[in-house]
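Trainee: Quick one: structure below, then a few questions.
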Amino acid sequence: ESGEGKAKAERMFSLMDGFLKNDPISLQKDILDHVEYTVARSRFSFDDFEAYQAVSHSVRDRLIERWHDTHAYFKRKDPKRLYFFSLEFLMGRSLSNSVINLGVRDQYADALNQLGFEFEVLAEQEGDAAQGNGGLARLSACQMDSLATMDFPAWGYGLRYQYGLFRQVILDGFQHEQPDYWLNFGNPWEIERIHVSYAVKFYGTVEEQDLNGGKRKVWVPGEMVEAVAYDNPIPGYGTRNTINLRLWAAKPSDLYDMESYGTGDYINAVINRQKAETISSVLYPDDRSYQGKELRLKQQYFFVSASVQDIIRRFKDSLNDFNQFPEKVALQLNDTHPSLAIPEVMRVLVDEEFLSWKQAWDIVCKIFSCTTHTVVPEGLEKIPVDLLGSVLPRHLQIIFDINFSFMEELKKHFGLDFNRLSQMSIVEEGAVKSIRMANLSIVCCHTVNGVSRVHLDILKTKVFKDFYELWPQKFHYKTNGVTQRRWLVVSNPGLCGLISKWLGTDAWIRDMDLLMGLRDHAGDAELQQEWKMVRRINKIRLAEFIDAMTGMMVSPDAMFDVQIKRIHEYKRQLLNILGIIYRYDCIKNMKESDRRKVVPRVCIIGGKAAPGYDMAKKIIKLCHAVGETINNDSDIDDLLKLVFIPDFNVSVAELVIPGSDLSQHISTAGHEASGTGSMKFLMNGCLLLATADGATIEIIEEIGEDNMFLFGAKVHEVPKLREKAENHRVALQFARVLSQICLGWYVMATLAMRITSNLSVTLLKGVVTSIS
Ligand code: OAK
């Protein structure tokens with residue numbers, strides 16, 4: 001830009017630069033204003049929680065200011081925007097993260113000190129935003145932080161659940177689930193946009209109408225629900241860029257329900273209206289199993305439809321030529337959960353914008369890309385055709401049409417190889433005819449992204465082998481990462497200060513590679529001493545937390561050996577527990593002189609089991625039962641302890657990770673797509689005990705095998721071991737069946753002996769003995 005336009009833009013953006021001031025007096029005034037007028041408490045008397053609310057609102061003001069500036073800037077520049085669609089975002093707490101990214105952490109701490117409050121104490125008042133299950137959801141949150149920090153013009157889109165992931169309560173060693181109605185005390189981090197709302201349609205029929213001498217399809221819906229936007233500003237670090245996470249809440253639609261009020265049944269009409277809200281009421285707590293639930297399907301379409309409408313409205317604000325759509329829009333699908341966006345964009349372009357099928361298809365193929373987060377084919381999402389046809393009749397037609405063209409293309413490519421055709425088809429025939437959402441995504445996306453190198457290998461050679469043969473250019477990987485802002489700066493201020501001091505800069509907070517500079521000082525005794533001090537303080541903090549959560553006192557002098565993640569058989573918490581039992585047994589059988597050589601160890605396990613996942617719940621119970629025995633054995637004393645930390649979530653992780661000495665990432669090789677926990681532990685200076693799986697394989701290459709504890713079978717060895725184990729299992733099963741038969745004979749024969757005592761007892765006894 002040059003001349004007047006540039007000058008105007010500069011004037012505009014310099015005006016925008018920091019309208020709200022961050023000196024202690026201004027901050028105190030803003031905080032007290034919010035105490036008085038937002039929280040509606042007297043500025044002379046308010047408690048920690050009210051102070052937290054007021055502080056959050058004052059931070060939110062600053063976020064909104066930057067959000068507006070960012071919005072105005074990108075509206076003017078009109079770059080291609082990145083839209084990230086995810087059904088889950090595991091954001092955790094926002095206060096500390098926001099003030100750090102805004103660069104006002106110390107200013108707030110000072111201002112609060114003078115008011116008689118401690119920033120850290122107020123930050124603890126905040127509950128977790130748990131709008132997601134596990135790895136995929138936390139990755140979405142980290143990605144938002146990085147996109148903002150790296151100045152991307154990005155938007156996140158998702159659902160605003162009223163109930164987040166359940167709270168885990170342990171009673172008698174068993175997991176119980178309690179609802180997480182996280183909005184009870186309000187949520188200062190969101191902005192309700194009552195004017196940004198869209199009608200979302202469900203059910204009904206598809207009719208054909210005449211249009212310009214041709215035919216067009218019209219979807220006549222059977223239900224309509226309003227999607228209302230809630231914006232969550234995401235600030236970047238060291239930049240004014242503040243991007244938006246727009247989450248949709250379901251509200252009854254005024255447009256649609258008028259008729260039911262005429263029927264005279266006013267009360268029922270109101271109750272029925274209210275049911276619309278259930279769409280965004282609860283997050284599904286199973287992170288892998290798909291049960292073909294209608295509500296889940298409606299959730300997926302609801303957020304996708306509202307987001308697509310929002311994107312098209314924004315596009316039309318600046319341009320109205322859909323040929324340019326791919327220059328302005330990139331749509332990234334987080335796993336297959338949002339993949340209904342594909343037929344939705346087709347539907348809008350063809351049925352509502354009247355583009356030809358070919359034009360619409362060209363656009364779709366240019367704008368969509370997706371990431372997959374699973375390894376096992378059983379983990380792939382399928383939607384029964386009957387269900388999809390009833391909830392989204394027009395989308396089912398579109399998917400069939402896409403599949404028809406795809407099958408034609410396949411025949412040209414592979415000939416009439418029916419086996420291959422049926423495996424690659426978007427439609428799965430069988431007892432329950434279903435739509436394979438992964439196949440739909442691969443067919444329509446220009447890029448299919450894996451989350452680690454080995455994950456991509458598995459996708460290419462197993463899960464999507466046929467697709468890879470057809471379109472090798474589509475398959476890529478970007479190994480997952482985590483944001484150091486959250487997992488070091490927020491959660492481990494001690495280590496953060498140490499790193500900046502020894503590097504002589506805090507530039508590593510934006511550029512992780514700079515941490516390499518620490519290598520030059522690694523041998524320095526002073527650094528090592530400081531490092532130990534930081535670790536010790538974090539361990540004391542963790543020991544206090546364990547005491548508060550479980551009533552167990554553990555010594556910070558012991559080694560803290562930690563495994564925290566969702567409970568899954570493939571993540572092998574069971575193996576960890578078996579290892580602990582073995583260790584316990586060894587110590588019990590040791591001579592006193594050997595016992596003195598044992599490093600005291602506190603084993604810490606934490607994680608939630610999906611409510612319907614029986615085996616995972618049993619593993620939690622086993623952990624408690626084993627802990628009960630070990631922790632109450634005075635003979636073992638402090639040499640070994642086993643703690644289960646209840647209700648594992650993002651803020652618990654922030655506390656546990658900096659205080660860990662050893663962390664376990666021991667999935668059966670070939671099962672963890674990437675894993676991100678290992679990265680968080682590693683950047684906090686914790687050693688890894690790990691199998692060569694997912695991203696760990698790449699971590700090993702970076703840090704070297706000597707700097708970790710690597711064990712277990714490699715990815716390529718697992719199938720052979722499984723086969724061997726399966727043969728043993730079959731042999732064992734056979735032996736078991738045989739012994740059952742023999743036992744049956746024995747019982748029958750004994751009974752017979754008793755009944756027919758006048759038969760030749762000796763003869764019968766002989767038979768029985770020989771059988772048994
Ligand atoms: C959740 C639901 C469906 C499919 C996958 C997931 C999921 O959380 N996957 C996890 O994603 C993480 C982020 O990519 C990976 O690091 C984990 O390995 C993977 O299990």
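Labeling convention for the structure tokens: chains A, B, ... as they appear, residues from 1 per chain, ligands from 1 in order of appearance.
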What's around Gln274 of chain A at 10 Å? Count only C-alpha atoms, leave out sequence neighbours fewer than 3 positions away in its own chain, and write the answer as a PyMOL selection string.
Mentor: chain A and resi 250-253+268-271+277-278
Trainee: Dump N, CA and C atoms for the selected residues as a short mmCIF file (atom, residue, chain, number, x, y, z; two decimals), in the first residue's frame?
Mentor:
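Result went into part_15.cif, see below:
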data_model
loop_
_atom_site.label_atom_id
_atom_site.label_comp_id
_atom_site.auth_asym_id
_atom_site.auth_seq_id
_atom_site.Cartn_x
_atom_site.Cartn_y
_atom_site.Cartn_z
N ALA A 250 -27.03 -23.88 20.97
CA ALA A 250 -28.33 -24.09 20.34
C ALA A 250 -29.42 -23.37 21.13
N LYS A 251 -30.26 -22.66 20.40
CA LYS A 251 -31.40 -21.97 21.02
C LYS A 251 -32.64 -22.28 20.16
N PRO A 252 -33.82 -22.22 20.77
CA PRO A 252 -35.01 -22.48 19.97
C PRO A 252 -35.14 -21.44 18.85
N SER A 253 -35.69 -21.87 17.72
CA SER A 253 -35.81 -20.96 16.59
C SER A 253 -37.19 -20.31 16.57
N ASN A 268 -46.95 -27.19 26.20
CA ASN A 268 -46.16 -28.19 25.48
C ASN A 268 -45.35 -27.58 24.35
N ALA A 269 -45.94 -26.56 23.72
CA ALA A 269 -45.20 -25.90 22.64
C ALA A 269 -43.93 -25.26 23.20
N VAL A 270 -44.03 -24.64 24.39
CA VAL A 270 -42.84 -24.01 24.99
C VAL A 270 -41.81 -25.09 25.35
N ILE A 271 -42.30 -26.20 25.95
CA ILE A 271 -41.38 -27.28 26.35
C ILE A 271 -40.66 -27.85 25.13
N GLU A 277 -32.35 -26.86 22.79
CA GLU A 277 -31.09 -26.55 23.48
C GLU A 277 -30.27 -27.80 23.78
N THR A 278 -30.92 -28.97 23.77
CA THR A 278 -30.17 -30.19 24.12
C THR A 278 -29.03 -30.44 23.11
#
Trainee: Considering only C-alpha atoms, return as a list in words whatever protein or nucleic-acid residues lie within 9 Å of Tyr230 of chain A, sequence-local ones (same chain, fewer than 3 positions apart) excluded.
Mentor: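 Surrounding residues, per the criterion: Arg160, Glu190, Ile191, Glu192, Arg193, Ile194, Val196, Leu245, Arg246, Leu247, Trp248 and Ala249 of chain A.
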Trainee: Find the residue from A:Lys21, A:Lys298, A:His455, A:His716 that sits nearest to ligand 1; use only C-alpha atoms and all ligand atoms when measuring.
Mentor: A:His455
Trainee: Leaving out Tyr468 of chain A and any residue of its chain fewer than 2 positions from it, which residues lie within 12 Å of it when counting only C-alpha atoms, given as a list in words?
Mentor: Met424, Asn439, Ile442, Val443, Thr447, Val448, Leu456, Asp457, Ile458, Leu459, Lys460, Thr461, Lys462, Val463, Phe464, Lys465, Asp466, Leu470, Trp471, Pro472, Gln473, Lys474, Phe475 and His476 of chain A
Trainee: Just N, CA and C atoms for this one: save the residues we selected as a compact mmCIF listing (two decimals), in the first residue's frame.
Mentor:
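The resulting file, again-v1.txt, is reproduced below:
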# COMPACT_ATOMS: atom_id res chain seq x y z
N MET A 424 -13.00 -49.21 -0.66
CA MET A 424 -12.75 -47.77 -0.76
C MET A 424 -14.03 -46.95 -0.80
N ASN A 439 -13.52 -42.11 4.64
CA ASN A 439 -13.43 -42.24 3.18
C ASN A 439 -13.96 -40.97 2.50
N ILE A 442 -11.25 -38.35 2.76
CA ILE A 442 -10.08 -38.54 1.88
C ILE A 442 -10.45 -38.23 0.43
N VAL A 443 -11.65 -38.64 0.04
CA VAL A 443 -12.04 -38.40 -1.35
C VAL A 443 -12.10 -36.90 -1.63
N THR A 447 -5.60 -32.57 1.14
CA THR A 447 -4.52 -33.04 1.99
C THR A 447 -5.07 -33.85 3.15
N VAL A 448 -4.45 -34.99 3.40
CA VAL A 448 -4.82 -35.80 4.56
C VAL A 448 -3.58 -35.83 5.45
N LEU A 456 1.75 -41.56 9.86
CA LEU A 456 1.53 -41.49 8.41
C LEU A 456 1.90 -42.82 7.76
N ASP A 457 3.00 -43.44 8.21
CA ASP A 457 3.40 -44.73 7.64
C ASP A 457 2.27 -45.74 7.80
N ILE A 458 1.67 -45.76 8.99
CA ILE A 458 0.60 -46.72 9.24
C ILE A 458 -0.62 -46.41 8.37
N LEU A 459 -0.90 -45.12 8.20
CA LEU A 459 -2.03 -44.75 7.33
C LEU A 459 -1.76 -45.21 5.90
N LYS A 460 -0.51 -45.00 5.46
CA LYS A 460 -0.17 -45.33 4.07
C LYS A 460 -0.14 -46.84 3.81
N THR A 461 0.34 -47.58 4.80
CA THR A 461 0.55 -49.01 4.53
C THR A 461 -0.60 -49.90 5.04
N LYS A 462 -1.41 -49.37 5.93
CA LYS A 462 -2.49 -50.21 6.46
C LYS A 462 -3.86 -49.54 6.32
N VAL A 463 -4.11 -48.56 7.19
CA VAL A 463 -5.48 -48.04 7.32
C VAL A 463 -6.03 -47.51 5.99
N PHE A 464 -5.23 -46.70 5.27
CA PHE A 464 -5.72 -46.12 4.01
C PHE A 464 -4.82 -46.53 2.83
N LYS A 465 -4.39 -47.78 2.88
CA LYS A 465 -3.44 -48.27 1.88
C LYS A 465 -3.94 -48.04 0.44
N ASP A 466 -5.19 -48.43 0.19
CA ASP A 466 -5.73 -48.29 -1.16
C ASP A 466 -5.77 -46.84 -1.61
N LEU A 470 -3.79 -44.72 -4.72
CA LEU A 470 -4.49 -43.90 -5.71
C LEU A 470 -3.99 -42.46 -5.72
N TRP A 471 -3.85 -41.88 -4.50
CA TRP A 471 -3.49 -40.46 -4.40
C TRP A 471 -2.32 -40.26 -3.43
N PRO A 472 -1.12 -40.71 -3.80
CA PRO A 472 -0.01 -40.56 -2.84
C PRO A 472 0.25 -39.10 -2.46
N GLN A 473 -0.03 -38.20 -3.40
CA GLN A 473 0.30 -36.78 -3.15
C GLN A 473 -0.55 -36.16 -2.05
N LYS A 474 -1.67 -36.82 -1.71
CA LYS A 474 -2.55 -36.22 -0.68
C LYS A 474 -2.03 -36.43 0.73
N PHE A 475 -1.18 -37.43 0.92
CA PHE A 475 -0.83 -37.85 2.29
C PHE A 475 0.42 -37.16 2.83
N HIS A 476 0.26 -36.51 3.96
CA HIS A 476 1.35 -35.76 4.59
C HIS A 476 1.33 -36.00 6.09
Trainee: Could you give me, as a tab-separated table, a per-residue list for chain A showing, wherever an atom lies at most 6 Å from an atom of ligand 1, the closest pair of atoms and their distance in Å to one decimal, using only C-alpha atoms and all ligand atoms and sorting by chain then residue number from low to high?
Mentor:
residue	atom	partner	partner_atom_place_in_ligand_line	distance
A:Gly134	CA	ligand 1	8 (O)	5.0
A:Gly135	CA	ligand 1	12 (C)	3.8
A:Leu136	CA	ligand 1	8 (O)	3.8
A:Leu139	CA	ligand 1	13 (C)	5.5
A:Asp287	CA	ligand 1	2 (C)	4.2
A:Arg288	CA	ligand 1	3 (C)	4.7
A:His373	CA	ligand 1	9 (N)	4.5
A:Thr374	CA	ligand 1	5 (C)	4.8
A:Val451	CA	ligand 1	14 (O)	5.5
A:Glu672	CA	ligand 1	18 (O)	4.3
A:Ala673	CA	ligand 1	18 (O)	3.8
A:Ser674	CA	ligand 1	18 (O)	3.8
A:Gly675	CA	ligand 1	16 (O)	3.4
A:Thr676	CA	ligand 1	16 (O)	4.9
Trainee: Can you tell me which residues surround Leu639 of chain A at a distance of at most 8 Å, considering only C-alpha atoms, apart from same-chain residues fewer than 4 positions away, and format the answer as a ChimeraX atom specification?
Mentor: /A:598-601
Trainee: Determine the nearest neighbour of Tyr613 of chain A from the options A:Ile567, A:Leu687, A:Ala522, A:Val656, counting only C-alpha atoms.
Mentor: A:Ile567
